[in-house]
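**Student:** The structure file my_file.cif (mmCIF, C-alpha atoms and all ligand atoms) is provided below.
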```
data_work
#
loop_
_atom_site.label_atom_id
_atom_site.label_comp_id
_atom_site.auth_asym_id
_atom_site.auth_seq_id
_atom_site.Cartn_x
_atom_site.Cartn_y
_atom_site.Cartn_z
CA MET Z 1 0.00 0.00 0.00
CA SER Z 2 1.43 3.41 -0.99
CA PRO Z 3 1.57 6.14 1.65
CA SER Z 4 -1.14 8.08 -0.24
CA GLU Z 5 -3.56 5.14 0.01
CA LYS Z 6 -3.06 4.77 3.72
CA HIS Z 7 -5.01 7.78 4.75
CA ALA Z 8 -7.74 9.64 2.88
CA PRO Z 9 -7.54 13.28 4.00
CA SER Z 10 -10.46 14.64 5.98
CA PRO Z 11 -12.49 17.52 4.46
CA VAL Z 12 -10.62 20.00 6.65
CA GLU Z 13 -7.25 18.56 5.56
CA LEU Z 14 -8.33 19.05 1.93
CA LEU Z 15 -9.18 22.69 2.59
CA VAL Z 16 -5.89 23.24 4.39
CA THR Z 17 -3.94 21.69 1.49
CA LYS Z 18 -5.34 24.22 -0.97
CA ARG Z 19 -5.31 27.08 1.52
CA ASP Z 20 -1.56 26.53 1.84
CA GLY Z 21 -1.15 26.47 -1.95
CA LYS Z 22 -0.26 22.78 -2.17
CA ARG Z 23 -1.36 20.33 -4.83
CA HIS Z 24 -4.07 17.79 -4.13
CA ARG Z 25 -3.23 14.14 -4.52
CA PRO Z 26 -5.04 12.30 -7.35
CA GLY Z 27 -8.49 11.31 -6.12
CA ASP Z 28 -8.78 14.03 -3.49
CA ILE Z 29 -10.83 16.46 -5.61
CA THR Z 30 -13.18 13.66 -6.62
CA ARG Z 31 -13.71 12.87 -2.93
CA LEU Z 32 -14.23 16.55 -2.19
CA VAL Z 33 -16.99 16.85 -4.82
CA GLU Z 34 -18.58 13.56 -3.79
CA SER Z 35 -18.70 14.55 -0.15
CA PHE Z 36 -20.14 17.96 -1.11
CA MET Z 37 -22.87 16.27 -3.15
CA SER Z 38 -23.68 13.87 -0.31
CA LYS Z 39 -23.87 16.90 2.05
CA GLU Z 40 -21.08 15.50 4.21
CA LEU Z 41 -19.11 18.61 3.22
CA ALA Z 42 -21.04 21.76 4.13
CA ASP Z 43 -21.60 24.71 1.79
CA TYR Z 44 -19.33 26.88 3.95
CA GLN Z 45 -16.52 24.32 3.65
CA MET Z 46 -16.89 24.14 -0.12
CA SER Z 47 -16.92 27.96 -0.22
CA ALA Z 48 -13.66 28.00 1.75
CA TRP Z 49 -12.11 25.52 -0.68
CA LEU Z 50 -13.30 27.61 -3.65
CA MET Z 51 -11.65 30.71 -2.20
CA ALA Z 52 -8.45 28.73 -1.64
CA ALA Z 53 -8.60 27.45 -5.24
CA PHE Z 54 -9.22 31.01 -6.40
CA HIS Z 55 -6.00 32.22 -4.76
CA HIS Z 56 -3.97 29.12 -5.61
CA PRO Z 57 -5.20 28.23 -9.12
CA LEU Z 58 -5.71 24.53 -9.78
CA THR Z 59 -3.11 22.77 -11.90
CA SER Z 60 -4.10 21.28 -15.21
CA ALA Z 61 -4.40 17.81 -13.64
CA GLU Z 62 -6.51 19.18 -10.78
CA THR Z 63 -8.76 21.05 -13.25
CA GLN Z 64 -9.21 17.82 -15.18
CA GLU Z 65 -10.16 15.94 -12.04
CA LEU Z 66 -12.59 18.65 -10.91
CA THR Z 67 -14.24 18.70 -14.37
CA LEU Z 68 -14.73 14.94 -14.40
CA ALA Z 69 -15.95 14.85 -10.80
CA MET Z 70 -18.53 17.53 -11.60
CA LEU Z 71 -19.48 15.79 -14.85
CA HIS Z 72 -20.03 12.46 -13.08
CA SER Z 73 -22.07 14.06 -10.30
CA GLY Z 74 -25.01 13.48 -12.68
CA THR Z 75 -26.12 11.75 -15.84
CA VAL Z 76 -23.85 11.76 -18.88
CA LEU Z 77 -25.93 11.44 -22.04
CA GLU Z 78 -25.13 8.93 -24.74
CA HIS Z 79 -26.41 9.40 -28.26
CA LYS Z 80 -26.87 6.09 -30.02
CA GLY Z 81 -27.38 5.51 -33.71
CA LEU Z 82 -25.92 8.79 -34.99
CA LYS Z 83 -24.08 8.63 -38.31
CA LEU Z 84 -21.56 11.36 -37.50
CA PRO Z 85 -19.94 12.55 -34.27
CA ALA Z 86 -22.10 14.91 -32.22
CA VAL Z 87 -20.68 18.44 -32.02
CA ASP Z 88 -21.61 21.50 -30.03
CA LYS Z 89 -20.39 25.09 -29.78
CA HIS Z 90 -19.87 27.04 -26.59
CA SER Z 91 -19.45 30.78 -26.41
CA THR Z 92 -18.07 32.37 -23.27
CA GLY Z 93 -20.71 35.07 -23.63
CA GLY Z 94 -21.13 38.50 -25.06
CA VAL Z 95 -23.51 41.24 -26.07
CA GLY Z 96 -25.76 40.52 -29.05
CA ASP Z 97 -24.36 36.99 -29.37
CA LYS Z 98 -27.25 35.18 -31.00
CA ILE Z 99 -25.01 32.89 -33.07
CA SER Z 100 -26.20 29.54 -31.63
CA ILE Z 101 -29.78 30.00 -32.83
CA ALA Z 102 -28.89 29.87 -36.53
CA LEU Z 103 -25.68 27.85 -36.13
CA ALA Z 104 -27.19 24.72 -34.54
CA PRO Z 105 -29.80 24.05 -37.27
CA LEU Z 106 -27.34 25.11 -39.98
CA VAL Z 107 -24.74 22.56 -38.90
CA ALA Z 108 -27.38 19.89 -38.29
CA ALA Z 109 -28.75 20.51 -41.81
CA THR Z 110 -25.39 19.33 -43.18
CA GLY Z 111 -25.86 16.03 -41.31
CA VAL Z 112 -23.73 16.75 -38.23
CA PRO Z 113 -25.79 16.19 -35.06
CA VAL Z 114 -25.94 19.11 -32.62
CA PRO Z 115 -27.20 18.33 -29.10
CA MET Z 116 -27.10 21.82 -27.59
CA ILE Z 117 -27.66 22.58 -23.93
CA SER Z 118 -27.47 26.31 -23.27
CA GLY Z 119 -27.76 28.77 -20.44
CA ARG Z 120 -29.67 31.90 -19.53
CA GLY Z 121 -28.44 35.46 -19.65
CA LEU Z 122 -26.80 36.84 -16.55
CA GLY Z 123 -25.40 40.31 -16.06
CA HIS Z 124 -24.72 42.25 -19.24
CA THR Z 125 -24.51 39.10 -21.41
CA GLY Z 126 -27.51 37.38 -22.96
CA GLY Z 127 -28.39 33.69 -22.97
CA THR Z 128 -29.62 31.44 -25.76
CA LEU Z 129 -32.50 30.01 -23.69
CA ASP Z 130 -34.04 33.45 -23.10
CA LYS Z 131 -33.74 34.19 -26.83
CA LEU Z 132 -35.42 30.93 -27.86
CA GLU Z 133 -38.17 31.46 -25.30
CA ALA Z 134 -39.04 34.72 -27.07
CA ILE Z 135 -40.67 32.43 -29.67
CA PRO Z 136 -44.24 32.01 -28.38
CA GLY Z 137 -44.70 28.49 -26.98
CA PHE Z 138 -41.06 27.38 -27.45
CA SER Z 139 -40.04 25.08 -24.60
CA VAL Z 140 -36.44 24.68 -23.55
CA VAL Z 141 -37.40 22.02 -21.01
CA GLN Z 142 -37.09 18.40 -22.08
CA SER Z 143 -36.31 15.17 -20.29
CA GLU Z 144 -33.01 13.54 -21.26
CA PRO Z 145 -34.77 10.78 -23.30
CA GLN Z 146 -36.84 13.41 -25.16
CA PHE Z 147 -33.70 15.40 -25.90
CA CYS Z 148 -31.82 12.35 -27.22
CA ALA Z 149 -34.85 11.28 -29.29
CA GLN Z 150 -35.10 14.71 -30.93
CA VAL Z 151 -31.37 14.73 -31.70
CA ARG Z 152 -31.77 11.28 -33.28
CA LYS Z 153 -34.82 12.34 -35.29
CA LEU Z 154 -33.98 15.89 -36.37
CA GLY Z 155 -30.25 16.10 -35.68
CA VAL Z 156 -30.72 19.10 -33.41
CA ALA Z 157 -32.32 20.05 -30.10
CA MET Z 158 -31.72 23.15 -28.00
CA ILE Z 159 -32.66 22.96 -24.35
CA GLY Z 160 -31.62 24.11 -20.85
CA GLN Z 161 -29.61 22.21 -18.28
CA THR Z 162 -31.73 19.55 -16.58
CA GLU Z 163 -31.64 18.76 -12.87
CA ARG Z 164 -29.64 15.62 -13.56
CA LEU Z 165 -26.92 17.05 -15.81
CA ALA Z 166 -23.82 18.16 -13.87
CA PRO Z 167 -25.74 18.99 -10.66
CA ALA Z 168 -22.44 19.68 -8.87
CA ASP Z 169 -21.86 22.63 -11.19
CA ARG Z 170 -25.24 24.14 -10.29
CA ARG Z 171 -24.50 23.93 -6.56
CA ILE Z 172 -20.87 25.00 -6.84
CA TYR Z 173 -21.67 27.89 -9.19
CA ALA Z 174 -24.32 29.16 -6.75
CA LEU Z 175 -21.58 29.35 -4.09
CA ARG Z 176 -19.05 30.96 -6.45
CA ASP Z 177 -21.61 33.56 -7.42
CA VAL Z 178 -21.96 34.79 -3.82
CA THR Z 179 -18.35 34.33 -2.68
CA GLY Z 180 -16.50 36.29 -5.37
CA THR Z 181 -14.91 33.16 -6.83
CA VAL Z 182 -16.33 33.16 -10.36
CA GLU Z 183 -13.31 34.74 -12.09
CA SER Z 184 -10.91 31.82 -11.84
CA ILE Z 185 -9.89 30.19 -15.12
CA PRO Z 186 -9.65 26.59 -13.75
CA LEU Z 187 -13.04 26.93 -12.01
CA ILE Z 188 -14.60 28.41 -15.16
CA VAL Z 189 -13.15 25.56 -17.25
CA ALA Z 190 -14.56 22.87 -14.93
CA SER Z 191 -17.93 24.61 -14.84
CA ILE Z 192 -18.28 25.05 -18.60
CA LEU Z 193 -16.94 21.64 -19.58
CA SER Z 194 -18.77 19.59 -16.96
CA LYS Z 195 -22.05 20.84 -18.48
CA LYS Z 196 -20.95 20.54 -22.10
CA LEU Z 197 -19.50 17.04 -21.72
CA ALA Z 198 -22.73 15.90 -20.05
CA GLU Z 199 -24.51 16.50 -23.38
CA GLY Z 200 -22.80 13.39 -24.75
CA ILE Z 201 -20.86 15.25 -27.45
CA ASP Z 202 -17.83 13.92 -29.28
CA ALA Z 203 -16.44 17.33 -30.19
CA LEU Z 204 -16.70 20.94 -29.14
CA VAL Z 205 -15.98 24.26 -30.83
CA LEU Z 206 -15.24 27.07 -28.41
CA ASP Z 207 -15.88 30.73 -29.14
CA VAL Z 208 -13.81 32.51 -26.50
CA LYS Z 209 -14.80 36.16 -26.45
CA VAL Z 210 -12.30 38.89 -25.70
CA GLY Z 211 -12.81 42.59 -25.08
CA ARG Z 212 -14.69 45.02 -22.92
CA GLY Z 213 -18.05 43.25 -23.42
CA ALA Z 214 -16.55 39.83 -22.57
CA PHE Z 215 -15.58 37.91 -19.46
CA MET Z 216 -11.94 38.01 -20.63
CA LYS Z 217 -10.79 41.57 -21.19
CA THR Z 218 -7.33 40.88 -22.60
CA LEU Z 219 -6.05 38.67 -25.37
CA SER Z 220 -3.61 36.97 -23.02
CA ASP Z 221 -6.43 36.02 -20.59
CA ALA Z 222 -8.62 34.83 -23.46
CA ARG Z 223 -5.73 32.70 -24.74
CA ARG Z 224 -5.17 31.25 -21.28
CA LEU Z 225 -8.86 30.35 -21.01
CA ALA Z 226 -8.92 28.87 -24.53
CA ARG Z 227 -5.80 26.74 -23.88
CA ALA Z 228 -7.14 25.54 -20.51
CA LEU Z 229 -10.51 24.61 -22.05
CA GLU Z 230 -8.79 22.78 -24.90
CA THR Z 231 -6.40 20.87 -22.64
CA THR Z 232 -9.19 19.75 -20.32
CA ALA Z 233 -11.59 18.80 -23.13
CA ARG Z 234 -8.84 16.82 -24.90
CA GLY Z 235 -7.94 15.16 -21.62
CA ALA Z 236 -11.57 13.99 -21.46
CA GLY Z 237 -11.16 12.42 -24.91
CA LYS Z 238 -13.00 15.09 -26.92
CA ARG Z 239 -11.98 16.76 -30.15
CA VAL Z 240 -11.84 20.50 -29.65
CA THR Z 241 -11.09 23.72 -31.55
CA SER Z 242 -11.27 27.24 -30.26
CA LEU Z 243 -11.59 30.64 -31.85
CA ILE Z 244 -10.90 33.85 -29.98
CA THR Z 245 -13.32 36.50 -31.19
CA ARG Z 246 -13.64 40.22 -30.55
CA MET Z 247 -16.36 41.41 -28.17
CA ASP Z 248 -15.70 45.13 -27.89
CA ALA Z 249 -18.79 46.14 -29.85
CA PRO Z 250 -22.11 44.27 -29.89
CA LEU Z 251 -22.49 41.49 -32.46
CA GLY Z 252 -24.94 42.46 -35.19
CA LEU Z 253 -27.65 45.09 -34.90
CA THR Z 254 -29.73 43.74 -32.01
CA ILE Z 255 -29.44 43.20 -28.26
CA GLY Z 256 -32.38 41.61 -26.45
CA ASN Z 257 -34.23 38.37 -26.75
CA ALA Z 258 -36.94 38.67 -29.43
CA LEU Z 259 -34.82 41.19 -31.34
CA GLU Z 260 -31.88 38.79 -31.46
CA THR Z 261 -34.03 35.81 -32.39
CA ARG Z 262 -35.41 37.85 -35.28
CA GLU Z 263 -31.87 38.61 -36.44
CA ALA Z 264 -30.86 34.94 -36.18
CA ILE Z 265 -33.87 34.01 -38.34
CA GLU Z 266 -32.73 36.63 -40.87
CA ILE Z 267 -29.39 34.80 -41.05
CA LEU Z 268 -31.22 31.56 -41.85
CA HIS Z 269 -33.02 33.45 -44.65
CA GLY Z 270 -29.59 34.32 -46.08
CA LYS Z 271 -29.81 37.93 -44.84
CA GLY Z 272 -28.76 39.69 -41.63
CA PRO Z 273 -25.70 41.71 -40.63
CA SER Z 274 -22.43 40.60 -42.18
CA ASP Z 275 -20.57 40.13 -38.86
CA VAL Z 276 -23.24 37.72 -37.55
CA ARG Z 277 -23.31 35.85 -40.86
CA GLN Z 278 -19.52 35.61 -41.04
CA LEU Z 279 -19.11 34.30 -37.51
CA THR Z 280 -21.95 31.80 -37.99
CA LEU Z 281 -20.33 30.46 -41.17
CA ARG Z 282 -16.86 30.33 -39.60
CA LEU Z 283 -18.04 28.41 -36.53
CA ALA Z 284 -20.10 26.07 -38.74
CA ARG Z 285 -16.94 25.35 -40.76
CA GLU Z 286 -15.03 24.45 -37.59
CA MET Z 287 -17.84 22.16 -36.44
CA LEU Z 288 -17.94 20.26 -39.74
CA LEU Z 289 -14.17 19.85 -39.77
CA LEU Z 290 -14.16 18.61 -36.19
CA ALA Z 291 -16.94 16.12 -36.88
CA GLY Z 292 -15.03 14.81 -39.89
CA ALA Z 293 -17.97 15.72 -42.14
CA SER Z 294 -15.56 17.53 -44.46
CA SER Z 295 -11.84 17.10 -44.83
CA THR Z 296 -10.93 20.55 -46.13
CA VAL Z 297 -11.90 24.11 -45.30
CA ALA Z 298 -13.20 24.62 -48.84
CA ALA Z 299 -15.38 21.51 -48.66
CA ALA Z 300 -16.77 22.48 -45.25
CA ASP Z 301 -17.59 26.01 -46.44
CA LYS Z 302 -19.30 24.61 -49.53
CA GLN Z 303 -21.46 22.24 -47.50
CA VAL Z 304 -22.44 24.95 -45.05
CA LEU Z 305 -23.26 27.53 -47.73
CA ARG Z 306 -25.33 24.99 -49.62
CA ALA Z 307 -27.38 24.09 -46.52
CA LEU Z 308 -28.01 27.79 -45.98
CA SER Z 309 -28.81 28.79 -49.56
CA ASP Z 310 -31.06 25.84 -50.44
CA GLY Z 311 -33.25 26.46 -47.39
CA ARG Z 312 -32.41 23.23 -45.52
CA ALA Z 313 -31.13 25.11 -42.47
CA LEU Z 314 -34.26 27.25 -42.27
CA GLU Z 315 -36.49 24.21 -42.75
CA LEU Z 316 -34.70 22.36 -39.97
CA PHE Z 317 -35.00 25.36 -37.67
CA ALA Z 318 -38.78 25.35 -38.37
CA LYS Z 319 -38.93 21.62 -37.55
CA MET Z 320 -37.07 22.21 -34.29
CA VAL Z 321 -39.39 25.09 -33.36
CA ARG Z 322 -42.43 22.90 -34.03
CA ALA Z 323 -40.95 19.92 -32.14
CA GLN Z 324 -40.32 22.14 -29.11
CA GLY Z 325 -43.84 23.61 -29.10
CA GLY Z 326 -43.02 26.99 -30.63
CA ASP Z 327 -45.11 29.06 -33.03
CA VAL Z 328 -43.56 28.05 -36.33
CA ARG Z 329 -45.09 31.07 -38.12
CA VAL Z 330 -42.26 33.23 -36.72
CA VAL Z 331 -39.89 31.45 -39.08
CA THR Z 332 -41.49 32.96 -42.18
CA ASP Z 333 -42.85 36.02 -40.43
CA PRO Z 334 -40.46 37.12 -37.64
CA LYS Z 335 -42.70 40.16 -37.02
CA ARG Z 336 -44.86 37.72 -35.04
CA LEU Z 337 -42.18 37.69 -32.33
CA PRO Z 338 -43.16 39.79 -29.32
CA ARG Z 339 -42.33 43.43 -29.89
CA VAL Z 340 -42.76 46.89 -28.52
CA LYS Z 341 -45.14 49.24 -30.36
CA SER Z 342 -43.15 52.46 -30.20
CA PRO Z 343 -39.42 52.11 -29.58
CA LEU Z 344 -37.64 55.31 -28.55
CA VAL Z 345 -35.07 56.63 -31.00
CA VAL Z 346 -31.59 57.78 -29.94
CA ASN Z 347 -30.24 60.28 -32.48
CA ALA Z 348 -26.71 61.33 -33.35
CA THR Z 349 -25.81 64.79 -32.08
CA CYS Z 350 -23.10 65.27 -34.71
CA SER Z 351 -22.16 64.02 -38.16
CA GLY Z 352 -19.26 61.69 -38.81
CA THR Z 353 -18.28 58.03 -38.92
CA VAL Z 354 -19.12 55.54 -36.18
CA ALA Z 355 -15.67 54.86 -34.72
CA ASP Z 356 -16.71 52.69 -31.77
CA ILE Z 357 -19.71 51.16 -30.00
CA ASP Z 358 -19.26 50.06 -26.40
CA ALA Z 359 -20.71 46.57 -25.89
CA MET Z 360 -20.60 46.91 -22.11
CA VAL Z 361 -22.55 50.20 -22.09
CA LEU Z 362 -25.21 48.82 -24.42
CA GLY Z 363 -25.32 45.43 -22.68
CA ARG Z 364 -25.96 47.07 -19.32
CA ALA Z 365 -28.54 49.43 -20.80
CA SER Z 366 -30.42 46.52 -22.35
CA VAL Z 367 -30.59 44.80 -18.94
CA ALA Z 368 -32.03 48.04 -17.51
CA LEU Z 369 -34.65 48.00 -20.29
CA GLY Z 370 -35.73 44.53 -19.10
CA ALA Z 371 -33.88 42.30 -21.58
CA GLY Z 372 -31.58 40.66 -19.02
CA ARG Z 373 -31.14 39.92 -15.37
CA TRP Z 374 -28.68 40.91 -12.66
CA ARG Z 375 -29.82 38.07 -10.39
CA ALA Z 376 -30.68 34.54 -11.50
CA GLU Z 377 -34.27 34.91 -10.24
CA ASP Z 378 -35.05 38.13 -12.21
CA LYS Z 379 -37.63 37.90 -15.01
CA VAL Z 380 -36.78 39.03 -18.53
CA ASP Z 381 -39.04 40.87 -20.95
CA PRO Z 382 -38.74 39.14 -24.36
CA ARG Z 383 -39.60 42.40 -26.18
CA ALA Z 384 -36.99 44.55 -24.47
CA GLY Z 385 -33.60 45.54 -25.83
CA ILE Z 386 -31.72 47.79 -28.19
CA GLU Z 387 -31.84 47.85 -31.95
CA LEU Z 388 -28.84 49.49 -33.55
CA ALA Z 389 -29.22 51.60 -36.66
CA VAL Z 390 -25.49 51.62 -37.40
CA GLN Z 391 -22.32 49.60 -36.95
CA ILE Z 392 -18.68 50.62 -36.72
CA GLY Z 393 -17.54 52.26 -39.95
CA ASP Z 394 -20.98 53.57 -40.96
CA ARG Z 395 -21.47 57.25 -41.82
CA VAL Z 396 -24.11 59.20 -39.81
CA GLU Z 397 -25.46 62.72 -40.15
CA LYS Z 398 -26.51 64.84 -37.18
CA GLY Z 399 -30.07 63.81 -36.23
CA ASP Z 400 -29.84 60.33 -37.79
CA PRO Z 401 -30.89 57.43 -35.59
CA LEU Z 402 -28.08 55.57 -33.82
CA ALA Z 403 -30.38 53.12 -32.03
CA TRP Z 404 -33.89 52.46 -30.80
CA LEU Z 405 -34.68 51.52 -27.21
CA HIS Z 406 -37.33 48.84 -26.75
CA ALA Z 407 -39.06 48.49 -23.37
CA SER Z 408 -42.49 47.83 -21.94
CA LYS Z 409 -42.70 51.37 -20.57
CA ARG Z 410 -41.38 54.69 -21.87
CA VAL Z 411 -40.20 55.51 -18.34
CA LEU Z 412 -37.61 52.73 -18.60
CA CYS Z 413 -36.21 54.25 -21.82
CA ASP Z 414 -35.98 57.94 -20.93
CA PRO Z 415 -33.08 57.72 -18.44
CA LEU Z 416 -31.09 55.56 -20.86
CA VAL Z 417 -31.08 57.82 -23.90
CA GLU Z 418 -27.91 59.67 -22.91
CA THR Z 419 -26.25 56.49 -21.66
CA VAL Z 420 -26.81 54.71 -24.95
CA ARG Z 421 -25.79 57.77 -26.97
CA GLY Z 422 -22.59 57.82 -24.89
CA GLY Z 423 -21.89 54.24 -25.99
CA PHE Z 424 -21.34 55.46 -29.58
CA VAL Z 425 -18.17 57.28 -30.60
CA ILE Z 426 -18.58 59.38 -33.74
CA GLY Z 427 -15.32 60.46 -35.33
CA SER Z 428 -14.12 62.02 -38.52
CA GLY Z 429 -12.44 60.23 -41.38
CA LYS Z 430 -12.66 56.61 -42.41
CA VAL Z 431 -12.89 53.81 -39.85
CA LYS Z 432 -12.05 50.26 -40.81
CA ARG Z 433 -14.03 47.45 -39.22
CA GLN Z 434 -11.64 45.09 -37.50
CA SER Z 435 -11.74 41.37 -38.09
CA LEU Z 436 -13.92 39.48 -35.60
CA VAL Z 437 -11.65 36.47 -35.25
CA VAL Z 438 -8.49 37.55 -33.46
CA GLY Z 439 -6.94 34.21 -32.74
CA SER Z 440 -7.45 30.50 -32.38
N1 LIG T 501 -20.03 30.17 -17.50
C1 LIG T 501 -20.16 29.00 -16.82
O1 LIG T 501 -20.91 28.13 -17.21
N2 LIG T 501 -19.42 28.83 -15.72
C2 LIG T 501 -18.54 29.75 -15.26
O2 LIG T 501 -17.90 29.51 -14.26
C3 LIG T 501 -18.43 30.97 -15.96
C4 LIG T 501 -19.18 31.13 -17.09
#
```
As a first step, turn the structure in this file into structure tokens.
Ligand code: URA

**Tutor:**
Amino acid sequence: MSPSEKHAPSPVELLVTKRDGKRHRPGDITRLVESFMSKELADYQMSAWLMAAFHHPLTSAETQELTLAMLHSGTVLEHKGLKLPAVDKHSTGGVGDKISIALAPLVAATGVPVPMISGRGLGHTGGTLDKLEAIPGFSVVQSEPQFCAQVRKLGVAMIGQTERLAPADRRIYALRDVTGTVESIPLIVASILSKKLAEGIDALVLDVKVGRGAFMKTLSDARRLARALETTARGAGKRVTSLITRMDAPLGLTIGNALETREAIEILHGKGPSDVRQLTLRLAREMLLLAGASSTVAAADKQVLRALSDGRALELFAKMVRAQGGDVRVVTDPKRLPRVKSPLVVNATCSGTVADIDAMVLGRASVALGAGRWRAEDKVDPRAGIELAVQIGDRVEKGDPLAWLHASKRVLCDPLVETVRGGFVIGSGKVKRQSLVVGS
């Protein structure tokens, strides 16, 4: 018997190990999570360990063990009878990021299965579930067997985390949220991947956002997060690719749930803003390559563009909406999505070229309009948000609209007019739009 097998450390010994900045022995983190889930380890003890792990970041091996322990705290789905590997995409969150809504059916329309489990918006960033729920009747709640059956039948399903998928993440995240321990790369990695791996995917494309509207403000932090996510996902036997994409300005021309869903539907109609279209196509390419559905970039792009232009992606989106109880008429007539009668315009006070748009300012303003939530229990208004009239590089004349504020009551909009106007920088001369993908 090795010395390490002789004595399993007590919960307090585990906390002391990390408090003192030492490494855990293999197996210790698994025991920690198991004893937390069985309530042998109290919330306050787990909180103490999280703070210790915040100050003494987990090693790659420890992150791997935490991810797997959280993953196996619940059910891990298995998709049987699929012809190609199942692939998902995860974005670390941004403002106006509605990419998943068009991406999932687009990729599935090429034959690559996409079992997608998403989250809700929190803080200034939106969430796919809130956007999908803007479609009248659309349900993001399914049992695991229903979810797997829909993936088998249609190739795509988009739902929320169930009680049984990675329950340790739900409980641990609730503690991190109130103990100031969210912003730790190893803890973020374990949280994201435990949920994503529970979907039963074979491969994962990561969209790691960087910039003032993102979790990661600097390229070096975004790279560190991307590398840590990749290492851990590979260690769990998954194929993985990551893109690092700019999140300084909002993506596209809409922020807010129904507004963003409308824009995503436009993409499926072959329209929509070019930045949203480009990122959707780029991520779709990566997903096809990872699934082995295409062997070259050119072939992947061709397959994706064909599924978009011949209407298969739109048709599949309609099938998914119907299967999940939504009003399928929104697919051909997005005006049926909930909307505000008289949005309030925000005009430019000078002429020039839009040099910058602050995603953080607009993201926060859209939460104040009712589109998002500061606390998990807040309700969102599907109609609320901000519609942009311009993007970076566009010319505006004094008095032209910069944006429209959408809210249930005018009184919510009035105090935000100056704030939103302040989010736009109008300069002179030409401004070049920067490329969205800044690294991989
Ligand atoms: N998103 C998650 O799912 N978990 C984190 O810890 C941070 C962002």

**Student:** Report as a ChimeraX atom specification all protein, DNA and RNA residues lying within 8 Å of Ala359 of chain Z, evaluated on all atoms listed in the file, omitting residues in the same chain fewer than 2 positions from it.

**Tutor:** /Z:95,212-213,247-250,357,361-363,423

**Student:** Using all atoms listed in the file for the distances, tell me which of Z:Ala149, Z:Ile159, Z:Val178, Z:Val76 is nearest to Asp43 of chain Z.

**Tutor:** Z:Val178

**Student:** Rank Z:Ala403, Z:Leu106, Z:Ala69, Z:Leu82 by their smallest atom-to-atom distance to Ile255 of chain Z, using only C-alpha atoms, and report the top residue only.

**Tutor:**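 Counting only C-alpha atoms, the residue closest to Ile255 of chain Z is Z:Ala403.
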
**Student:** So that I can see what lies close to Phe215 of chain Z, please list as an MDAnalysis selection string the residues with an atom at most 9 Å from it, counting all atoms listed in the file and leaving out residues fewer than 5 positions away in the same chain.

**Tutor:** chainID Z and resid 92:94 183 209:210 222

**Student:** Check the smallest atom-to-atom distance from each of Z:Arg152, Z:His24, Z:His90, Z:His72 to Asp169 of chain Z using only C-alpha atoms, then report the winner.

**Tutor:** Z:His72

**Student:** Please report as CSV every residue of chain Z lying within 6 Å of ligand LIG 501 (chain T), along with the nearest atom pair and their distance in Å (one decimal), using only C-alpha atoms and all ligand atoms.

**Tutor:**
```
residue,atom,partner,partner_atom,distance
Z:Val182,CA,T:LIG501,O2,5.6
Z:Leu187,CA,T:LIG501,O2,5.9
Z:Ile188,CA,T:LIG501,O2,3.6
Z:Ser191,CA,T:LIG501,N2,4.6
Z:Ile192,CA,T:LIG501,O1,4.3
```

**Student:** Deliver the residues from the most recent selection as a file, using C-alpha atoms, as a compact mmCIF listing (two decimals), in the coordinates of the input.

**Tutor:**
```txt
# COMPACT_ATOMS: atom_id res chain seq x y z
CA VAL Z 182 -16.33 33.16 -10.36
CA LEU Z 187 -13.04 26.93 -12.01
CA ILE Z 188 -14.60 28.41 -15.16
CA SER Z 191 -17.93 24.61 -14.84
CA ILE Z 192 -18.28 25.05 -18.60
```

**Student:** Could you please determine the separation between atom CA of Pro85 of chain Z and atom CA of Leu290 of chain Z in Å, to one decimal place?

**Tutor:**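 Computed distance, atom CA of Pro85 of chain Z to atom CA of Leu290 of chain Z, equals 8.6 Å.
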
**Student:** Give me, please, the distance in Å between atom CA of His79 of chain Z and atom CA of Phe147 of chain Z, quoted to one decimal.

**Tutor:** 9.7 Å

**Student:** Residues near Lys335 of chain Z, anyone? I mean within 12 Å using only C-alpha atoms, not counting same-chain ones fewer than 6 positions away, as a ChimeraX atom specification.

**Tutor:** /Z:134-136,258-259,261-263,265-266,329,341,383

**Student:** Compare Z:Leu337, Z:His7, Z:Pro382, Z:Ser38 by their minimum atom-to-atom distance to Leu129 of chain Z, counting all atoms listed in the file, and give me the closest one.

**Tutor:**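 Between Z:Leu337, Z:His7, Z:Pro382, Z:Ser38, the residue approaching Leu129 of chain Z most closely is Z:Pro382.
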